[in-house]
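Participant: If it helps, the file is called entry-v9.pdb and holds PDB, C-alpha atoms:
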ATOM      1  CA  MET U   1      24.702-144.975 132.098
ATOM      2  CA  SER U   2      22.043-142.395 132.912
ATOM      3  CA  GLU U   3      22.812-139.970 135.718
ATOM      4  CA  CYS U   4      21.546-140.279 139.224
ATOM      5  CA  ALA U   5      19.557-137.330 140.591
ATOM      6  CA  LEU U   6      18.574-136.045 144.033
ATOM      7  CA  ARG U   7      15.204-134.526 144.741
ATOM      8  CA  PRO U   8      13.816-133.156 147.996
ATOM      9  CA  ALA U   9      11.818-135.777 149.863
ATOM     10  CA  SER U  10       8.112-135.193 150.442
ATOM     11  CA  ALA U  11       5.479-136.616 152.773
ATOM     12  CA  ALA U  12       4.706-139.194 150.060
ATOM     13  CA  ASP U  13       8.237-140.642 150.489
ATOM     14  CA  CYS U  14       7.728-141.631 154.132
ATOM     15  CA  CYS U  15       7.257-145.340 153.385
ATOM     16  CA  PHE U  16      10.242-145.479 151.012
ATOM     17  CA  VAL U  17      12.556-143.728 153.483
ATOM     18  CA  HIS U  18      11.472-146.146 156.206
ATOM     19  CA  ALA U  19      12.010-149.152 153.933
ATOM     20  CA  ILE U  20      15.565-148.026 153.102
ATOM     21  CA  HIS U  21      16.567-147.289 156.681
ATOM     22  CA  ASP U  22      14.957-150.425 158.104
ATOM     23  CA  GLN U  23      16.815-152.828 155.779
ATOM     24  CA  PRO U  24      18.913-155.292 157.829
ATOM     25  CA  ALA U  25      22.107-154.291 155.984
ATOM     26  CA  VAL U  26      21.515-150.589 156.716
ATOM     27  CA  ARG U  27      20.607-151.273 160.363
ATOM     28  CA  ALA U  28      23.825-153.314 160.767
ATOM     29  CA  ARG U  29      25.914-150.272 159.754
ATOM     30  CA  SER U  30      23.935-147.716 161.780
ATOM     31  CA  VAL U  31      24.619-146.356 165.253
ATOM     32  CA  SER U  32      21.323-147.835 166.424
ATOM     33  CA  GLN U  33      20.926-151.311 164.996
ATOM     34  CA  ASP U  34      17.402-151.934 166.258
ATOM     35  CA  PRO U  35      14.581-152.259 163.719
ATOM     36  CA  ILE U  36      12.559-149.054 163.291
ATOM     37  CA  ALA U  37       8.866-149.237 164.178
ATOM     38  CA  TYR U  38       6.865-147.603 161.386
ATOM     39  CA  ALA U  39       4.770-145.470 163.770
ATOM     40  CA  ASP U  40       7.985-144.082 165.318
ATOM     41  CA  HIS U  41       9.381-143.415 161.853
ATOM     42  CA  GLU U  42       6.223-141.549 160.774
ATOM     43  CA  ARG U  43       6.500-139.169 163.745
ATOM     44  CA  TRP U  44      10.253-138.691 163.208
ATOM     45  CA  TYR U  45       9.816-138.143 159.451
ATOM     46  CA  ALA U  46       7.019-135.574 159.779
ATOM     47  CA  ALA U  47       9.072-133.616 162.327
ATOM     48  CA  ARG U  48      12.157-133.647 160.062
ATOM     49  CA  LEU U  49      10.233-132.440 157.015
ATOM     50  CA  ASP U  50       9.111-129.418 159.074
ATOM     51  CA  ASP U  51      12.611-128.732 160.490
ATOM     52  CA  PRO U  52      14.540-126.073 158.488
ATOM     53  CA  SER U  53      17.867-127.389 159.822
ATOM     54  CA  TYR U  54      17.187-130.817 158.330
ATOM     55  CA  ALA U  55      17.056-131.901 154.685
ATOM     56  CA  ILE U  56      16.072-135.265 153.263
ATOM     57  CA  PHE U  57      16.637-136.136 149.619
ATOM     58  CA  VAL U  58      15.607-139.160 147.587
ATOM     59  CA  ALA U  59      18.201-140.427 145.137
ATOM     60  CA  GLU U  60      16.725-141.591 141.839
ATOM     61  CA  TYR U  61      18.158-143.538 138.949
ATOM     62  CA  ALA U  62      16.205-143.977 135.707
ATOM     63  CA  GLY U  63      13.099-142.649 137.461
ATOM     64  CA  GLU U  64      13.335-145.176 140.325
ATOM     65  CA  ALA U  65      13.991-144.238 143.947
ATOM     66  CA  VAL U  66      17.241-145.975 144.972
ATOM     67  CA  GLY U  67      18.470-144.215 148.099
ATOM     68  CA  VAL U  68      18.148-141.564 150.769
ATOM     69  CA  VAL U  69      20.455-138.703 151.758
ATOM     70  CA  ARG U  70      19.942-136.865 155.042
ATOM     71  CA  LEU U  71      21.587-133.617 156.127
ATOM     72  CA  ALA U  72      21.240-132.416 159.716
ATOM     73  CA  GLU U  73      22.620-128.936 160.285
ATOM     74  CA  GLY U  74      23.658-128.349 163.877
ATOM     75  CA  ARG U  75      25.384-125.448 165.584
ATOM     76  CA  ASP U  76      28.884-126.766 164.846
ATOM     77  CA  GLU U  77      28.502-129.172 161.933
ATOM     78  CA  THR U  78      26.242-130.520 159.217
ATOM     79  CA  GLU U  79      25.998-134.272 159.533
ATOM     80  CA  ILE U  80      25.494-136.259 156.334
ATOM     81  CA  SER U  81      23.968-139.734 156.193
ATOM     82  CA  ILE U  82      23.554-141.827 153.051
ATOM     83  CA  ALA U  83      21.682-145.121 152.538
ATOM     84  CA  LEU U  84      21.218-147.086 149.320
ATOM     85  CA  ASP U  85      18.581-149.706 148.532
ATOM     86  CA  GLY U  86      20.212-153.145 148.601
ATOM     87  CA  ASP U  87      18.806-153.954 145.137
ATOM     88  CA  ALA U  88      20.695-150.984 143.680
ATOM     89  CA  THR U  89      24.146-151.915 144.973
ATOM     90  CA  GLY U  90      26.961-152.941 142.648
ATOM     91  CA  LYS U  91      25.816-150.727 139.749
ATOM     92  CA  GLY U  92      27.991-147.685 140.417
ATOM     93  CA  LEU U  93      24.967-145.773 141.707
ATOM     94  CA  GLY U  94      26.515-145.300 145.126
ATOM     95  CA  ARG U  95      29.342-143.175 143.710
ATOM     96  CA  MET U  96      26.952-140.989 141.725
ATOM     97  CA  ARG U  97      24.565-140.594 144.635
ATOM     98  CA  PHE U  98      27.451-139.880 146.971
ATOM     99  CA  ARG U  99      28.810-137.147 144.700
ATOM    100  CA  LEU U 100      25.385-135.493 144.564
ATOM    101  CA  ALA U 101      24.973-135.735 148.337
ATOM    102  CA  VAL U 102      28.318-134.090 148.993
ATOM    103  CA  GLU U 103      27.457-131.313 146.517
ATOM    104  CA  ALA U 104      24.149-130.729 148.336
ATOM    105  CA  ALA U 105      25.923-130.622 151.709
ATOM    106  CA  GLN U 106      28.550-128.125 150.586
ATOM    107  CA  GLY U 107      25.971-125.352 150.557
ATOM    108  CA  ARG U 108      25.606-125.591 154.343
ATOM    109  CA  ARG U 109      27.099-122.996 156.687
ATOM    110  CA  SER U 110      28.883-125.445 158.982
ATOM    111  CA  PRO U 111      31.534-128.103 158.216
ATOM    112  CA  VAL U 112      30.175-131.368 156.805
ATOM    113  CA  SER U 113      30.829-134.492 158.839
ATOM    114  CA  ALA U 114      29.874-138.154 158.862
ATOM    115  CA  TYR U 115      29.945-140.653 161.714
ATOM    116  CA  ILE U 116      30.886-144.144 160.559
ATOM    117  CA  ARG U 117      31.454-147.455 162.329
ATOM    118  CA  PRO U 118      35.120-148.463 161.951
ATOM    119  CA  ASP U 119      34.097-151.822 160.427
ATOM    120  CA  ASN U 120      31.936-150.188 157.710
ATOM    121  CA  VAL U 121      34.639-150.418 155.055
ATOM    122  CA  ALA U 122      32.382-149.509 152.106
ATOM    123  CA  SER U 123      31.228-146.234 153.683
ATOM    124  CA  ARG U 124      34.734-145.366 154.811
ATOM    125  CA  ARG U 125      36.052-145.840 151.264
ATOM    126  CA  ALA U 126      33.209-143.792 149.800
ATOM    127  CA  PHE U 127      33.748-140.878 152.173
ATOM    128  CA  GLU U 128      37.526-141.004 151.769
ATOM    129  CA  GLY U 129      37.102-141.072 147.983
ATOM    130  CA  ALA U 130      35.001-137.905 148.265
ATOM    131  CA  GLY U 131      37.780-136.112 150.137
ATOM    132  CA  PHE U 132      36.688-136.716 153.725
ATOM    133  CA  VAL U 133      39.363-137.444 156.331
ATOM    134  CA  VAL U 134      39.125-139.075 159.741
ATOM    135  CA  GLU U 135      39.085-136.199 162.196
ATOM    136  CA  SER U 136      38.556-138.095 165.465
ATOM    137  CA  GLU U 137      37.245-141.197 167.182
ATOM    138  CA  CYS U 138      34.171-140.934 169.369
ATOM    139  CA  ARG U 139      31.354-142.882 170.992
ATOM    140  CA  ARG U 140      27.616-142.424 170.480
ATOM    141  CA  ASN U 141      25.118-144.507 172.391
ATOM    142  CA  GLY U 142      27.933-146.825 173.415
ATOM    143  CA  VAL U 143      29.109-147.359 169.825
ATOM    144  CA  ASP U 144      32.649-146.586 168.647
ATOM    145  CA  LEU U 145      32.596-144.326 165.590
ATOM    146  CA  LEU U 146      34.981-142.451 163.355
ATOM    147  CA  ARG U 147      34.124-138.811 162.687
ATOM    148  CA  TYR U 148      34.911-137.966 159.088
ATOM    149  CA  LEU U 149      35.207-134.328 158.074
ATOM    150  CA  ALA U 150      35.022-132.883 154.563
ATOM    151  CA  ARG U 151      38.216-131.117 153.521
TER     152      ARG U 151
END
What is this structure when it is put down as structure tokens?
Facilitator:
Amino acid sequence: MSECALRPASAADCCFVHAIHDQPAVRARSVSQDPIAYADHERWYAARLDDPSYAIFVAEYAGEAVGVVRLAEGRDETEISIALDGDATGKGLGRMRFRLAVEAAQGRRSPVSAYIRPDNVASRRAFEGAGFVVESECRRNGVDLLRYLAR
């Protein structure tokens, strides 16, 4: 199986990033489950591309875009978020993409964390398999979450 690769996202990836994050399966596992209006996404995306504390990567497999990795570096932590195209699931690409995402995040100055819904078993397994541990429980926007921290 050919390797998965991460590349920095560009303005040309705006539509792809929106399509990944607006998939019903991705929305169901997100803190905010509402659909994302494209005009709102365009503004958000342009601002993030210009923000040095934020990094967006496109995961590719065999030359095809299959997922998105986001890193948001704050004062106390770097938050990682990973989403995979539903058509690419079940092919082992998630593990490869996840490994690359964690490697990209490790270069950040602050600890790497992820916020995951307790019922999102697939993400919990993936983060635990990459060496993350549950550090605490919290609430964001009225949603119960587990804060995972990289060891």
Participant: Enumerate, as an MDAnalysis selection string, the residues matched when the PyMOL selection byres ((chain U and resi 56-71) around 6) is run on the file above.
Facilitator: chainID U and resid 4:9 54:55 72 79:85
Participant: Please provide the set of residues having any atom within 12 Å of Ala37 of chain U, restricted to all atoms listed in the file, with same-chain residues fewer than 2 positions apart removed, written as a list in words.
Facilitator: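 In the requested format, the answer is Cys15, His18, Ala19, His21, Asp22, Asp34, Pro35, Ala39, Asp40, His41, Glu42, Arg43 and Trp44 of chain U.
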Participant: Report, in Å to a single decimal, how far apart atom CA of Ala46 of chain U and atom CA of Arg117 of chain U are.
Facilitator: 27.3 Å
Participant: What does the structure give for the distance between atom CA of Arg151 of chain U and atom CA of Ile116 of chain U, in Å to one decimal?
Facilitator: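 That distance, rounded to one decimal, is 16.5 Å.
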Participant: Report as a ChimeraX atom specification the full result of the PyMOL selection byres ((chain U and resi 114) around 12) when it is applied to this structure.
Facilitator: /U:30-31,69-73,77-82,101-102,105,111-113,115-118,123-124,126-128,130-138,145-150
Participant: Using all atoms listed in the file, pick whichever of U:Gly74, U:Tyr38, U:Ser110, U:Ser32 has the shortest atom-to-atom distance to Arg140 of chain U.
Facilitator: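 Selected residue with least distance to Arg140 of chain U: U:Ser32.
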Participant: Write out as a PyMOL selection string which residues come within 10 Å of Gly86 of chain U when counting only C-alpha atoms, dropping same-chain ones fewer than 4 positions away.
Facilitator: chain U and resi 20+23-26+66-67+90
Participant: Which of these, U:Asp76, U:Asn120, U:Val17, U:Pro52, has the shortest distance to Ile36 of chain U once you count all atoms listed in the file?
Facilitator: U:Val17
Participant: Between atom CA of Gly142 of chain U and atom CA of Cys14 of chain U, what is the distance in Å, rounded to a tenth?
Facilitator: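 Distance reported for this atom pair: 28.4 Å.
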Participant: Extending 5 Å beyond the listed atoms of segment 22-41 of chain U on each side, what axis-aligned box results? I want centre and edge lengths in Å to one decimal, as AutoDock Vina command-line options.
Facilitator:
--center_x 15.3 --center_y -149.4 --center_z 161.1 --size_x 31.1 --size_y 21.9 --size_z 20.6
